[in-house]
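Engineer: So that you have it, the file is target31.tsv, and it contains TSV, C-alpha atoms and all ligand atoms:
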chain	number	residue	atom	x	y	z
A	1	MET	CA	20.57	16.61	-14.44
A	2	LYS	CA	18.92	13.23	-14.27
A	3	LYS	CA	15.14	13.28	-14.74
A	4	MET	CA	14.85	11.59	-11.33
A	5	TRP	CA	15.80	14.86	-9.66
A	6	SER	CA	13.31	16.99	-11.56
A	7	PRO	CA	10.02	18.09	-9.94
A	8	VAL	CA	6.74	16.40	-10.82
A	9	LYS	CA	3.05	17.06	-10.17
A	10	VAL	CA	1.23	14.05	-8.73
A	11	GLY	CA	-2.47	14.65	-8.07
A	12	ASN	CA	-2.59	18.03	-6.39
A	13	MET	CA	0.98	17.80	-5.01
A	14	ASN	CA	4.12	19.35	-6.43
A	15	LEU	CA	6.86	16.89	-5.56
A	16	PRO	CA	10.48	18.10	-5.60
A	17	HIS	CA	11.84	14.91	-7.21
A	18	ARG	CA	10.78	11.44	-8.35
A	19	LEU	CA	11.49	9.23	-5.33
A	20	ALA	CA	8.77	8.06	-2.97
A	21	MET	CA	8.77	5.81	0.08
A	22	ALA	CA	6.87	2.59	-0.63
A	23	PRO	CA	4.24	1.44	1.91
A	24	MET	CA	5.76	-0.74	4.63
A	25	THR	CA	4.00	-2.46	7.51
A	26	ARG	CA	6.05	-2.10	10.72
A	27	ASN	CA	3.70	-3.61	13.37
A	28	ARG	CA	4.46	-0.99	15.97
A	29	ALA	CA	1.02	0.61	16.41
A	30	GLN	CA	-0.74	0.72	19.76
A	31	ILE	CA	-3.09	-2.13	20.63
A	32	ASP	CA	-6.14	-0.03	19.68
A	33	GLY	CA	-4.69	0.77	16.24
A	34	THR	CA	-3.47	4.28	17.05
A	35	PRO	CA	-0.05	4.89	15.46
A	36	GLY	CA	2.75	4.17	17.93
A	37	GLU	CA	4.55	6.85	19.93
A	38	LEU	CA	7.50	6.86	17.53
A	39	ALA	CA	5.53	6.91	14.26
A	40	ASP	CA	5.77	10.70	13.86
A	41	LEU	CA	9.54	10.58	14.30
A	42	TYR	CA	9.94	7.57	11.97
A	43	TYR	CA	8.00	9.17	9.14
A	44	SER	CA	9.36	12.71	9.58
A	45	GLN	CA	12.92	11.34	9.47
A	46	ARG	CA	12.05	10.14	5.94
A	47	ALA	CA	10.24	13.33	4.79
A	48	SER	CA	12.89	14.09	2.14
A	49	MET	CA	11.38	11.29	0.05
A	50	GLY	CA	9.11	13.30	-2.29
A	51	LEU	CA	6.05	11.34	-1.17
A	52	ILE	CA	5.69	8.96	1.77
A	53	ILE	CA	3.11	6.22	1.37
A	54	THR	CA	2.44	4.87	4.85
A	55	GLU	CA	2.25	1.32	6.06
A	56	GLY	CA	-1.01	-0.51	5.30
A	57	THR	CA	-3.72	0.93	7.57
A	58	GLN	CA	-7.05	-0.83	8.17
A	59	PRO	CA	-10.36	0.92	7.49
A	60	SER	CA	-12.27	-1.23	10.03
A	61	ASP	CA	-11.90	-3.98	12.66
A	62	ASP	CA	-12.54	-6.54	9.90
A	63	GLY	CA	-9.77	-5.02	7.81
A	64	GLN	CA	-6.97	-5.87	10.23
A	65	GLY	CA	-4.82	-8.84	9.32
A	66	TYR	CA	-1.57	-8.48	11.18
A	67	LEU	CA	-0.63	-7.75	14.76
A	68	LEU	CA	-0.27	-4.10	15.78
A	69	SER	CA	-1.03	-2.57	12.40
A	70	PRO	CA	-2.60	0.90	12.58
A	71	GLY	CA	-6.20	1.85	11.76
A	72	ILE	CA	-7.87	5.00	10.49
A	73	TYR	CA	-11.47	4.75	11.64
A	74	THR	CA	-11.69	6.10	15.22
A	75	LYS	CA	-11.22	9.55	16.73
A	76	LYS	CA	-8.07	8.33	18.46
A	77	HIS	CA	-6.63	6.99	15.21
A	78	ILE	CA	-7.24	10.38	13.58
A	79	GLU	CA	-5.51	12.21	16.45
A	80	GLY	CA	-2.56	9.79	16.24
A	81	TRP	CA	-2.19	10.20	12.48
A	82	LYS	CA	-2.50	13.99	12.83
A	83	LYS	CA	0.75	13.98	14.82
A	84	VAL	CA	2.39	12.00	12.02
A	85	THR	CA	1.15	14.18	9.15
A	86	ASP	CA	2.04	17.38	11.03
A	87	ALA	CA	5.57	16.10	11.65
A	88	VAL	CA	6.04	15.14	7.98
A	89	HIS	CA	4.65	18.45	6.73
A	90	ALA	CA	6.88	20.37	9.17
A	91	GLU	CA	9.84	18.76	7.37
A	92	GLY	CA	8.43	19.75	3.96
A	93	GLY	CA	7.22	16.27	3.02
A	94	HIS	CA	4.01	14.80	1.61
A	95	ILE	CA	2.16	11.78	2.97
A	96	TYR	CA	-0.54	9.42	1.69
A	97	ILE	CA	-2.06	6.89	4.07
A	98	GLN	CA	-2.35	3.42	2.54
A	99	LEU	CA	-5.81	1.92	3.11
A	100	MET	CA	-5.36	-1.82	3.48
A	101	HIS	CA	-8.12	-4.31	4.15
A	102	ALA	CA	-6.39	-7.66	4.68
A	103	GLY	CA	-9.49	-9.74	3.90
A	104	ARG	CA	-8.71	-13.42	4.39
A	105	MET	CA	-5.01	-12.76	5.24
A	106	SER	CA	-6.01	-12.43	8.86
A	107	HIS	CA	-6.22	-14.36	12.11
A	108	PRO	CA	-8.75	-14.03	14.97
A	109	ASP	CA	-5.80	-13.71	17.38
A	110	ASN	CA	-4.70	-10.52	15.58
A	111	THR	CA	-7.96	-8.58	15.36
A	112	PRO	CA	-9.76	-6.47	18.00
A	113	HIS	CA	-13.00	-8.49	17.71
A	114	HIS	CA	-11.28	-11.90	17.34
A	115	ARG	CA	-13.64	-12.88	14.54
A	116	GLN	CA	-13.08	-15.07	11.50
A	117	GLY	CA	-11.60	-13.15	8.56
A	118	VAL	CA	-13.84	-12.01	5.70
A	119	ALA	CA	-13.23	-12.43	1.98
A	120	PRO	CA	-15.02	-12.68	-1.36
A	121	SER	CA	-15.31	-16.46	-0.86
A	122	ALA	CA	-14.70	-19.00	1.89
A	123	ILE	CA	-11.40	-20.10	0.36
A	124	SER	CA	-8.37	-20.45	2.58
A	125	PRO	CA	-5.12	-19.00	1.21
A	126	GLY	CA	-3.26	-22.07	2.48
A	127	VAL	CA	-0.50	-20.09	4.14
A	128	GLN	CA	0.56	-19.16	7.66
A	129	ILE	CA	0.50	-15.80	9.42
A	130	PHE	CA	2.41	-14.36	12.36
A	131	THR	CA	0.42	-14.07	15.62
A	132	ALA	CA	1.35	-13.45	19.26
A	133	LYS	CA	1.58	-17.26	19.60
A	134	GLY	CA	3.95	-17.54	16.63
A	135	MET	CA	3.17	-18.71	13.10
A	136	GLN	CA	-0.31	-20.21	12.67
A	137	ASP	CA	-2.35	-21.42	9.69
A	138	VAL	CA	-4.64	-18.75	8.26
A	139	PRO	CA	-8.15	-20.12	8.93
A	140	ALA	CA	-10.66	-20.31	6.10
A	141	PRO	CA	-12.48	-16.97	5.87
A	142	ARG	CA	-16.20	-16.26	5.74
A	143	ALA	CA	-17.66	-14.98	2.45
A	144	LEU	CA	-19.02	-11.43	2.58
A	145	SER	CA	-22.71	-10.99	1.78
A	146	GLU	CA	-23.62	-8.38	-0.84
A	147	ALA	CA	-24.87	-6.11	1.94
A	148	GLU	CA	-21.54	-6.49	3.73
A	149	ILE	CA	-19.68	-5.63	0.52
A	150	THR	CA	-21.63	-2.36	0.42
A	151	THR	CA	-20.66	-1.72	4.06
A	152	THR	CA	-17.01	-2.52	3.34
A	153	ILE	CA	-16.94	-0.02	0.47
A	154	ALA	CA	-18.43	2.56	2.85
A	155	ASP	CA	-15.68	1.70	5.37
A	156	PHE	CA	-13.04	2.55	2.74
A	157	ARG	CA	-14.85	5.81	1.97
A	158	LYS	CA	-15.09	6.81	5.64
A	159	ALA	CA	-11.47	5.85	6.28
A	160	ALA	CA	-10.41	8.07	3.37
A	161	ALA	CA	-12.35	10.97	4.89
A	162	ALA	CA	-10.71	10.23	8.25
A	163	ALA	CA	-7.27	10.25	6.63
A	164	ILE	CA	-7.92	13.70	5.18
A	165	GLU	CA	-9.24	14.87	8.56
A	166	ALA	CA	-5.95	13.59	10.01
A	167	GLY	CA	-4.06	15.88	7.62
A	168	ALA	CA	-2.95	13.32	5.01
A	169	ASP	CA	-2.37	14.64	1.48
A	170	GLY	CA	-4.34	11.69	0.17
A	171	VAL	CA	-4.81	7.93	0.40
A	172	GLU	CA	-3.51	4.96	-1.54
A	173	ILE	CA	-6.01	2.11	-1.93
A	174	HIS	CA	-4.19	-1.21	-1.48
A	175	GLY	CA	-5.34	-3.38	-4.36
A	176	ALA	CA	-2.15	-5.46	-4.39
A	177	ASN	CA	-0.27	-8.29	-2.71
A	178	GLY	CA	-3.08	-10.72	-1.97
A	179	TYR	CA	-5.26	-8.64	0.35
A	180	LEU	CA	-9.03	-8.05	0.11
A	181	ILE	CA	-9.23	-6.12	-3.17
A	182	HIS	CA	-6.73	-8.47	-4.83
A	183	GLN	CA	-8.76	-11.42	-3.51
A	184	PHE	CA	-11.79	-10.12	-5.40
A	185	ILE	CA	-9.70	-9.66	-8.56
A	186	SER	CA	-8.23	-13.16	-8.50
A	187	GLU	CA	-10.02	-16.28	-9.65
A	188	ASN	CA	-8.39	-18.52	-7.09
A	189	ALA	CA	-9.71	-16.45	-4.17
A	190	ASN	CA	-13.08	-15.51	-5.67
A	191	ASP	CA	-15.66	-18.07	-6.79
A	192	ARG	CA	-18.71	-15.87	-6.20
A	193	THR	CA	-21.67	-16.29	-8.50
A	194	ASP	CA	-23.10	-12.78	-8.03
A	195	GLN	CA	-22.04	-9.52	-9.71
A	196	TYR	CA	-18.68	-9.57	-7.83
A	197	GLY	CA	-17.45	-12.91	-9.17
A	198	GLY	CA	-17.05	-14.92	-12.35
A	199	SER	CA	-16.27	-12.73	-15.35
A	200	ILE	CA	-13.34	-10.31	-15.52
A	201	GLU	CA	-15.76	-7.37	-15.30
A	202	ASN	CA	-17.36	-8.84	-12.17
A	203	ARG	CA	-14.06	-9.58	-10.42
A	204	ALA	CA	-12.84	-6.02	-11.09
A	205	LEU	CA	-16.09	-4.46	-9.83
A	206	PHE	CA	-15.19	-4.29	-6.12
A	207	ALA	CA	-11.89	-2.52	-6.89
A	208	ILE	CA	-13.66	-0.03	-9.13
A	209	GLU	CA	-16.44	0.61	-6.61
A	210	VAL	CA	-13.94	1.21	-3.79
A	211	ALA	CA	-11.89	3.60	-5.95
A	212	THR	CA	-15.03	5.44	-7.10
A	213	ALA	CA	-16.36	5.82	-3.54
A	214	VAL	CA	-13.02	7.09	-2.22
A	215	ALA	CA	-12.49	9.49	-5.15
A	216	ASN	CA	-16.02	10.87	-4.74
A	217	GLU	CA	-15.39	11.39	-1.03
A	218	ILE	CA	-11.97	13.07	-1.00
A	219	GLY	CA	-11.30	13.94	-4.65
A	220	ALA	CA	-9.70	11.86	-7.39
A	221	ASP	CA	-6.61	14.06	-7.20
A	222	ARG	CA	-6.02	12.78	-3.65
A	223	THR	CA	-6.61	9.11	-4.47
A	224	GLY	CA	-3.93	6.63	-5.51
A	225	PHE	CA	-4.36	2.92	-6.26
A	226	ARG	CA	-1.84	0.08	-5.91
A	227	ILE	CA	-1.89	-3.13	-7.94
A	228	SER	CA	0.48	-6.06	-8.33
A	229	PRO	CA	-0.44	-7.84	-11.55
A	230	GLY	CA	1.01	-11.32	-11.78
A	231	ASN	CA	1.49	-14.28	-9.58
A	232	LEU	CA	1.99	-13.73	-5.86
A	233	ALA	CA	1.65	-17.25	-4.65
A	234	TYR	CA	3.40	-16.59	-1.37
A	235	ILE	CA	0.20	-15.19	0.08
A	236	GLY	CA	-2.02	-17.60	-1.72
A	237	ILE	CA	-2.85	-15.62	-4.84
A	238	ASP	CA	-2.28	-17.17	-8.22
A	239	GLU	CA	-3.93	-15.30	-11.05
A	240	GLY	CA	-3.53	-18.21	-13.40
A	241	GLU	CA	-2.69	-18.46	-17.07
A	242	HIS	CA	-4.91	-15.55	-18.13
A	243	GLY	CA	-4.23	-13.56	-14.97
A	244	LEU	CA	-3.32	-10.30	-16.67
A	245	ASP	CA	-6.58	-10.03	-18.62
A	246	VAL	CA	-8.50	-8.77	-15.62
A	247	TYR	CA	-6.01	-5.87	-15.38
A	248	ARG	CA	-6.57	-5.06	-19.07
A	249	HIS	CA	-10.14	-4.27	-17.99
A	250	LEU	CA	-9.45	-2.85	-14.51
A	251	ILE	CA	-6.72	-0.35	-15.39
A	252	PRO	CA	-8.62	1.47	-18.17
A	253	GLU	CA	-11.68	1.60	-15.88
A	254	LEU	CA	-9.59	3.13	-13.09
A	255	ALA	CA	-8.05	5.53	-15.63
A	256	LYS	CA	-11.53	6.95	-16.28
A	257	LEU	CA	-11.61	8.17	-12.68
A	258	ASN	CA	-8.59	10.49	-13.18
A	259	LEU	CA	-6.91	9.30	-10.01
A	260	ALA	CA	-3.74	10.99	-8.71
A	261	TYR	CA	-1.69	7.92	-9.56
A	262	LEU	CA	-1.50	4.22	-10.22
A	263	HIS	CA	1.17	2.41	-8.21
A	264	VAL	CA	2.41	-0.84	-9.72
A	265	MET	CA	4.32	-3.28	-7.59
A	266	HIS	CA	6.09	-4.91	-10.47
A	267	THR	CA	7.46	-8.40	-10.35
A	268	GLY	CA	8.52	-9.18	-13.84
A	269	ASN	CA	6.59	-8.78	-17.08
A	270	ASP	CA	8.10	-5.67	-18.70
A	271	GLU	CA	5.91	-5.99	-21.80
A	272	PHE	CA	2.85	-5.70	-19.59
A	273	LEU	CA	4.32	-2.65	-17.89
A	274	LYS	CA	4.42	-0.97	-21.31
A	275	GLU	CA	0.75	-1.89	-21.81
A	276	ILE	CA	-0.08	-0.29	-18.45
A	277	ARG	CA	1.72	2.87	-19.56
A	278	ASP	CA	-0.51	2.99	-22.65
A	279	PHE	CA	-3.64	2.62	-20.50
A	280	TRP	CA	-2.60	5.22	-17.94
A	281	SER	CA	-2.09	8.92	-18.60
A	282	SER	CA	-1.74	10.37	-15.09
A	283	SER	CA	1.22	9.56	-12.85
A	284	LEU	CA	2.53	6.02	-12.79
A	285	LEU	CA	4.55	4.86	-9.79
A	286	VAL	CA	6.59	1.73	-10.47
A	287	ASN	CA	8.10	-0.21	-7.59
A	288	ARG	CA	10.22	-3.19	-8.54
A	289	PHE	CA	10.88	-5.82	-5.92
A	290	GLY	CA	14.56	-5.77	-4.92
A	291	ARG	CA	15.50	-3.30	-7.68
A	292	PRO	CA	19.26	-2.77	-7.79
A	293	LEU	CA	20.24	0.77	-6.82
A	294	GLU	CA	21.75	1.55	-10.21
A	295	ASP	CA	18.36	0.86	-11.85
A	296	ILE	CA	16.29	3.21	-9.70
A	297	ASP	CA	15.88	5.79	-12.45
A	298	THR	CA	15.65	3.41	-15.44
A	299	ASP	CA	11.83	3.42	-15.70
A	300	ILE	CA	11.72	7.19	-15.19
A	301	GLU	CA	14.31	7.86	-17.87
A	302	ALA	CA	12.46	5.50	-20.23
A	303	GLY	CA	9.15	7.35	-19.68
A	304	ILE	CA	7.57	4.20	-18.21
A	305	ALA	CA	7.10	5.76	-14.76
A	306	GLU	CA	6.93	9.24	-13.26
A	307	VAL	CA	7.96	8.17	-9.74
A	308	ALA	CA	10.03	5.34	-8.24
A	309	PRO	CA	8.83	4.17	-4.81
A	310	ILE	CA	11.62	2.72	-2.67
A	311	GLY	CA	10.90	0.18	0.07
A	312	ALA	CA	13.52	-1.46	2.25
A	313	TRP	CA	16.33	0.97	1.40
A	314	ALA	CA	14.18	3.90	2.57
A	315	LEU	CA	13.33	1.98	5.72
A	316	ALA	CA	17.03	1.60	6.54
A	317	ASN	CA	18.15	5.03	5.30
A	318	PRO	CA	16.19	8.01	6.61
A	319	ASP	CA	18.38	10.26	4.42
A	320	PHE	CA	18.17	7.99	1.35
A	321	VAL	CA	17.78	10.99	-0.99
A	322	ASP	CA	20.87	12.73	0.39
A	323	ARG	CA	22.92	9.55	0.20
A	324	LEU	CA	21.88	8.85	-3.37
A	325	LYS	CA	22.72	12.40	-4.45
A	326	LYS	CA	26.15	12.12	-2.82
A	327	ASP	CA	26.72	8.55	-3.94
A	328	ALA	CA	27.34	7.77	-0.25
A	329	PRO	CA	27.19	4.21	1.14
A	330	LEU	CA	23.84	3.01	2.48
A	331	ASN	CA	23.01	1.55	5.90
A	332	GLU	CA	22.43	-2.19	5.70
A	333	GLN	CA	18.86	-3.35	6.25
A	334	ASP	CA	18.20	-5.18	9.52
A	335	ARG	CA	15.46	-7.61	8.49
A	336	MET	CA	15.05	-8.92	12.06
A	337	THR	CA	13.52	-5.57	13.06
A	338	PHE	CA	11.27	-5.05	10.01
A	339	PHE	CA	8.11	-6.31	11.70
A	340	GLY	CA	7.42	-5.34	15.31
A	341	GLY	CA	9.65	-4.15	18.12
A	342	ASP	CA	10.74	-0.79	19.46
A	343	SER	CA	13.00	2.01	18.24
A	344	LYS	CA	15.68	-0.47	17.17
A	345	GLY	CA	15.62	-0.74	13.39
A	346	TYR	CA	12.83	1.86	13.34
A	347	THR	CA	13.98	5.32	14.36
A	348	ASP	CA	17.65	4.61	15.12
A	349	TYR	CA	19.12	4.16	11.64
A	350	PRO	CA	21.86	6.79	11.40
A	351	THR	CA	22.03	9.57	8.79
A	352	LEU	CA	25.26	10.70	7.16
A	353	ASN	CA	25.41	13.55	9.66
A	354	ASN	CA	25.10	11.58	12.90
B	401	LIG	C1	8.88	-4.43	5.94
B	401	LIG	C2	8.00	-4.37	4.73
B	401	LIG	C3	6.64	-4.16	4.89
B	401	LIG	C4	5.80	-4.02	3.77
B	401	LIG	N1	4.49	-3.70	3.95
B	401	LIG	C5	3.72	-3.37	2.88
B	401	LIG	C6	2.43	-2.78	3.06
B	401	LIG	O1	1.96	-2.53	4.18
B	401	LIG	N2	1.72	-2.46	1.95
B	401	LIG	C7	2.21	-2.68	0.68
B	401	LIG	O2	1.53	-2.38	-0.30
B	401	LIG	N3	3.44	-3.22	0.49
B	401	LIG	C8	4.21	-3.54	1.55
B	401	LIG	N4	5.51	-3.98	1.35
B	401	LIG	C9	6.05	-4.07	-0.02
B	401	LIG	C10	6.82	-2.78	-0.37
B	401	LIG	O3	5.95	-1.68	-0.49
B	401	LIG	C11	7.62	-2.94	-1.68
B	401	LIG	O4	6.71	-3.20	-2.72
B	401	LIG	C12	8.65	-4.06	-1.62
B	401	LIG	O5	9.41	-3.97	-0.43
B	401	LIG	C13	9.61	-4.02	-2.84
B	401	LIG	O6	10.32	-2.81	-2.87
B	401	LIG	P1	11.84	-2.71	-2.36
B	401	LIG	O7	12.60	-3.82	-3.03
B	401	LIG	O8	12.29	-1.34	-2.74
B	401	LIG	O9	11.82	-2.91	-0.86
B	401	LIG	C14	6.34	-4.18	2.46
B	401	LIG	C15	7.71	-4.44	2.31
B	401	LIG	C16	8.54	-4.52	3.41
B	401	LIG	C17	10.02	-4.75	3.21
If you convert what's in this file into structure tokens, what do you get?
Ligand SMILES: Cc1cc2nc3c(=O)[nH]c(=O)nc-3n(C[C@H](O)[C@H](O)[C@H](O)COP(=O)(O)O)c2cc1C
Structural biologist:
Amino acid sequence: MKKMWSPVKVGNMNLPHRLAMAPMTRNRAQIDGTPGELADLYYSQRASMGLIITEGTQPSDDGQGYLLSPGIYTKKHIEGWKKVTDAVHAEGGHIYIQLMHAGRMSHPDNTPHHRQGVAPSAISPGVQIFTAKGMQDVPAPRALSEAEITTTIADFRKAAAAAIEAGADGVEIHGANGYLIHQFISENANDRTDQYGGSIENRALFAIEVATAVANEIGADRTGFRISPGNLAYIGIDEGEHGLDVYRHLIPELAKLNLAYLHVMHTGNDEFLKEIRDFWSSSLLVNRFGRPLEDIDTDIEAGIAEVAPIGAWALANPDFVDRLKKDAPLNEQDRMTFFGGDSKGYTDYPTLNN
């Protein structure tokens, strides 16, 4: 039997195999941030993935970047997520809610309070973002004060508690892909002169403080962390020539917290992936952008990763696990329905049996 199909313990969960569903924003939440009416069906259809990591979910009004993304900071959000977690658990699955603060990748037209986005520094990412009026330039954000940074860390902590109250098995902190935590990490988004900017240690501090606060609140064994070391210029992050050095400090610091897992969205440097493996002794989840199907288990077989998160293929194939086991053909992905819309391209992808 391939190692991919063997059970694994991640945090306090016993997963039946090594495939997880990667976090994917679907922009189908209600206007107040409560998960949409179909969210419980969408996620429970995919419960055979060993672990589901949900779409990015904001911990506060300030944390919202995109239209109709869900939140986890009001009573109604908790009730909405409870339906989702109950439905996934009823199908035997596990679910972590991804806590995503978009930081500067935001637009006043998309947020409940219509305010300017917040970030480590008032540096515009120089990209556009989808709004109800179509694509618009992302406006320059406002730099957070030190007091506001403390409040933002508390927002992450409270959102983690809310996620557990909503029945989630844990949370994944989104430290990847150019959003708030990544903005603190990266020199080109962070020119602060206080303890949160400048040196590698300072730029990693916000990430470490968020992870520490969340782990203290809900338990390290229910806390995962996602990073994407390397250049992600498409949302305005460029970590520069020495960009990986900050991760050589951050990852060992996170390792000290004994988190449930580290989730790497990996875009290229395999040598660095080996370094991460050496830094990290608990579970490593490695997601490779556009990984060919035949390579899904390569990192697991090589001992580089414990779990392989799958994005778009899991979106388009609710029974991805069954299909892979049977070597059955996969549904094609309908990219036009990835972001926003109704049941089309959300809950209507067929399984092998219907
Ligand atoms: C529709 C869509 C939405 C996504 N939203 C998120 C998100 O909310 N949070 C996140 O960390 N990554 C997000 N991603 C990135 C995926 O988690 C994953 O890293 C990426 O799709 C590469 O994996 P894949 O080739 O298996 O799809 C998104 C990807 C897609 C396709």
Engineer: Which polymer residues, protein or nucleic acid, are no farther than 10 Å from (6.0, 1.0, 0.9), counting only C-alpha atoms, as a PyMOL selection string?
Structural biologist: chain A and resi 20-25+52-56+98+265+287+309-312+314-315
Engineer: Just to confirm, what's the straight-line distance from CA of His182 (chain A) to CA of Arg203 (chain A) in Å (one decimal)?
Structural biologist: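 Distance between the two atoms: 9.3 Å.
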Engineer: Smallest atom-to-atom distance to Ile235 (chain A): which of A:Ser343, A:Asn216, A:Ser124, A:Asn110, using all atoms listed in the file?
Structural biologist: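 Closest candidate: A:Ser124.
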Engineer: Set up a box along x, y and z of the file covering all listed atoms of ligand LIG 401 (chain B), add 3 Å on every one of the six sides, and write the centre and edge lengths in Å to one decimal, as AutoDock Vina command-line options.
Structural biologist:
--center_x 7.1 --center_y -3.0 --center_z 1.5 --size_x 17.1 --size_y 9.4 --size_z 15.0
Engineer: Let me make sure I understand: among A:Gly50, A:Pro70, A:Pro7, A:Gly243, which one has the smallest atom-to-atom distance to ligand LIG 401 (chain B) if we use all atoms listed in the file?
Structural biologist: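 Between A:Gly50, A:Pro70, A:Pro7, A:Gly243, the residue approaching ligand LIG 401 (chain B) most closely is A:Pro70.
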Engineer: How many Å separate CA of Gln45 (chain A) from CA of Lys83 (chain A)?
Structural biologist: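 Between CA of Gln45 (chain A) and CA of Lys83 (chain A) the gap is 13.6 Å.
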Engineer: Looking at A:Leu99, A:Leu259, A:Val84, A:Pro329, which one is nearest to Leu293 (chain A), with distances taken over all atoms listed in the file?
Structural biologist: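 That would be A:Pro329, the residue with the smallest distance to Leu293 (chain A).
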